[in-house]
Number of protein chains: 2
Amino acid sequence: MPADAPNRHAFTDALKRGLYEAIFRRRDIREFIPDPIPDEVLARVLIAAHHAASVGFTQPWDFIVVRSVERRRRVKEIFEAERAKNAAQFSGERREKYLQLKLEGILEAPLNLIVTCKPDRFGPAVLGKTSIRDVEIYSACLAVENLWLTARAEGLGMGWVSILRNDALAEIFGIPDDVIPIAYLCVGYVREFPDRPILASADWAKRLPPRSLIHFDSWSGQGAAADRDPNAESLLKKIDDHSIWLSIFPEDSADEPPSRD
Amino acid sequence: MPADAPNRHAFTDALKRGLYEAIFRRRDIREFIPDPIPDEVLARVLIAAHHAASVGFTQPWDFIVVRSVERRRRVKEIFEAERAKNAAQFSGERREKYLQLKLEGILEAPLNLIVTCKPDRFGPAVLGKTSIRDVEIYSACLAVENLWLTARAEGLGMGWVSILRNDALAEIFGIPDDVIPIAYLCVGYVREFPDRPILASADWAKRLPPRSLIHFDSWSGQGAAADRDPNAESLLKKIDDHSIWLSIFPEDSADEPPSRD
């Protein structure tokens, strides 16, 4: 492309593909094989996590690498109690379905990983923090997505166990009061990465049509209001047009959506 | 690799590279050129955001595409007031430096984008939500990282304006009470992507050594405690060993760290 083209810093289609593949093939995994994760691979995904964006470059994350079976057993107990609470929120067929789902791999996975957030690492004054109090927590979550995507590219499955109790995690892992546990993750190799999200295959929930989530200039700028806005209409057409992926995934068909649920 | 190798689902090194390049070259951008973003490109990054992980597959995010100059002027006013508050948290030389930094491109960027979180999209019962209340907010942040990485791959800069007020954003954009603004983003093409984070070049903060953020089996499993654990030592060695990147970035030198700040 010309040296003065606005998109002159864009990656080649081949490089873009690596990123989009990771995004579309990432799954929330709950079944693992016991093979150990080479240190070289674990090092790469941890460094990638550390290169997420952070408010005021505070890098508020820490990573606890958990191999101890004894501590993981205690986490599993907390999980079981929370799962019972979670199941009680549903009734009838929905509860049955909930109870059939495997929601974690705490003991099977060769590794658990905790991502935490220490908001005051460099003191209370933070460039980029005023009225919105949770900005460092948001940063720690960005690190989790980097972990998840690079784990996928390395062939590693990852699953987020979100039904735990932070006070229990703090006790089990000696996490100080000024540090917030953000994500409890199970990590390991897998027999397979499912084509679709597990909760989609299990008919628990459906992928929402992306156009239903896009608003123009205000929350109410949607549906009929967007139809009257030619800029909106033109973007929404592209959202539904599978040929926007052909340069990156040339084997896809422009007529039929690729298997990208 | 053999069909039964544990890492048989790993990407090729060429595909891994696309993802790692996006992670290492992503920057928080505050200077934009006015060229418009093609709808096809914007459609791809929005679809990528929508493919982030979400608790219970709730997909709690919405995206407001903001082109209106009038609304952006109002956001800029809020920003200015918050910036004054933020500057007041620092003193002396640090405040001077703060005031010299450009922290947003609200009006210069061709596009602003708001990512929101609607926790109760499918009702109060959420698979994966019990004692930890903010799980849907965490999911919305994962979508922001997908946006940021794919924007980079598409040659687009993105900057997160985190010093705003959510009540003001709700008013300007008509965001309902049950929806939380998470990220206010400026998006556009750029003259250049800096080699290093802007706040590192400006000597505001330094990248922390990744080994300082890694703990083993408990928060206190660091430093001298980790030195006594052979598993910990072996991982930390890999963290510091630049040759772990050579298969993916063959042009790097194993002796000298690549420019990956």
# chains A, B, ... in the order shown; residues from 1 in each chain; ligands from 1
$ residues_around --residues "region 28-34 of chain A" --least-positions-apart "4" --cutoff "12 Å" --atoms "only C-alpha atoms" --output "VMD selection string"
(chain A and resid 23 to 24 101 to 112 145 148 to 149 151 to 152 155 to 162 185 to 200) or (chain B and resid 4 to 7 51 to 57 128)
$ interface_residues --of "chain A" --to "chain B" --cutoff "6 Å" --atoms "only C-alpha atoms" --output "PDB file with C-alpha atoms, in the first residue's frame"
ATOM      1  CA  PRO A   6      -4.122   6.221   6.033  1.00  0.00           C
ATOM      2  CA  ASN A   7      -3.996   2.486   6.794  1.00  0.00           C
ATOM      3  CA  HIS A   9       0.340   0.733   9.612  1.00  0.00           C
ATOM      4  CA  ALA A  10      -2.168  -2.091   9.060  1.00  0.00           C
ATOM      5  CA  PHE A  11      -0.846  -5.635   9.362  1.00  0.00           C
ATOM      6  CA  LEU A  15      -0.836 -11.406  10.301  1.00  0.00           C
ATOM      7  CA  LYS A  16      -4.386 -10.118  10.817  1.00  0.00           C
ATOM      8  CA  GLY A  18      -3.502 -14.881  13.385  1.00  0.00           C
ATOM      9  CA  LEU A  19      -5.275 -12.390  15.626  1.00  0.00           C
ATOM     10  CA  ASP A  39       7.640 -23.196  30.896  1.00  0.00           C
ATOM     11  CA  GLU A  40       8.492 -21.509  27.606  1.00  0.00           C
ATOM     12  CA  ALA A  43       6.288 -17.547  29.963  1.00  0.00           C
ATOM     13  CA  ASP A  62      -0.163  -9.810  39.466  1.00  0.00           C
ATOM     14  CA  PHE A  63      -0.270 -13.481  38.533  1.00  0.00           C
ATOM     15  CA  ILE A  64      -0.365 -16.368  40.992  1.00  0.00           C
ATOM     16  CA  VAL A  65       0.689 -19.619  39.336  1.00  0.00           C
ATOM     17  CA  VAL A  66      -1.104 -22.374  41.254  1.00  0.00           C
ATOM     18  CA  ASN A  86     -25.994 -20.510  41.451  1.00  0.00           C
ATOM     19  CA  GLN A  89     -31.270 -19.224  40.935  1.00  0.00           C
ATOM     20  CA  ALA A 125      -2.818   9.461  42.503  1.00  0.00           C
ATOM     21  CA  GLY A 128      -6.368   8.646  34.141  1.00  0.00           C
ATOM     22  CA  LYS A 129      -8.359   8.071  37.340  1.00  0.00           C
ATOM     23  CA  THR A 130     -10.846  10.570  38.749  1.00  0.00           C
ATOM     24  CA  SER A 131     -14.581   9.902  38.973  1.00  0.00           C
ATOM     25  CA  TYR A 138     -10.723  -2.737  33.967  1.00  0.00           C
ATOM     26  CA  CYS A 141      -9.410  -7.599  32.777  1.00  0.00           C
ATOM     27  CA  LEU A 142      -7.620  -6.525  29.588  1.00  0.00           C
ATOM     28  CA  GLU A 145      -8.115 -11.318  27.496  1.00  0.00           C
ATOM     29  CA  ALA A 153      -2.834 -19.610  19.916  1.00  0.00           C
ATOM     30  CA  GLU A 154      -0.463 -21.818  21.936  1.00  0.00           C
ATOM     31  CA  GLY A 155      -3.030 -24.618  21.820  1.00  0.00           C
ATOM     32  CA  SER A 162     -16.327 -16.904  38.229  1.00  0.00           C
ATOM     33  CA  ILE A 163     -18.417 -18.492  40.986  1.00  0.00           C
ATOM     34  CA  ARG A 165     -15.683 -15.945  46.896  1.00  0.00           C
ATOM     35  CA  PHE A 173      -3.672 -17.752  48.812  1.00  0.00           C
ATOM     36  CA  GLY A 174      -2.677 -15.144  51.416  1.00  0.00           C
ATOM     37  CA  ILE A 175      -3.757 -12.272  49.179  1.00  0.00           C
ATOM     38  CA  TYR A 189      -4.069 -28.614  26.887  1.00  0.00           C
ATOM     39  CA  LEU A 213     -25.758  -4.239  19.835  1.00  0.00           C
ATOM     40  CA  ILE A 214     -24.739  -1.231  17.763  1.00  0.00           C
ATOM     41  CA  HIS A 215     -26.154   2.221  18.444  1.00  0.00           C
ATOM     42  CA  PHE A 216     -25.483   5.448  16.582  1.00  0.00           C
ATOM     43  CA  ASP A 217     -24.694   8.697  18.385  1.00  0.00           C
ATOM     44  CA  SER A 218     -26.982   7.845  21.297  1.00  0.00           C
ATOM     45  CA  TRP A 219     -28.500   4.808  22.998  1.00  0.00           C
ATOM     46  CA  LEU A 235     -22.076   0.149   8.586  1.00  0.00           C
ATOM     47  CA  LYS A 238     -21.113  -4.407   6.295  1.00  0.00           C
ATOM     48  CA  ILE A 239     -21.765  -6.053   9.655  1.00  0.00           C
ATOM     49  CA  ILE A 244     -15.683  -8.382   4.567  1.00  0.00           C
TER      50      ILE A 244
END
$ atom_distance --atom1 "CA of Gln100 (chain B)" --atom2 "CA of Glu77 (chain B)"
18.1 Å
$ select_by_dssp --residues "region 12-231 of chain B" --states "helix (DSSP H, G or I)" --output "PyMOL selection string"
chain B and resi 13-25+39-50+55-57+69-87+92-100+135-153+166-173+198-201+210-213+224-227+230-231
$ atom_distance --atom1 "CA of Ala81 (chain B)" --atom2 "CA of Asp203 (chain B)"
24.7 Å
$ select_by_dssp --residues "region 60-182 of chain B" --states "strand (DSSP E or B)" --output "PyMOL selection string"
chain B and resi 61-66+111-117+156-160+180-182
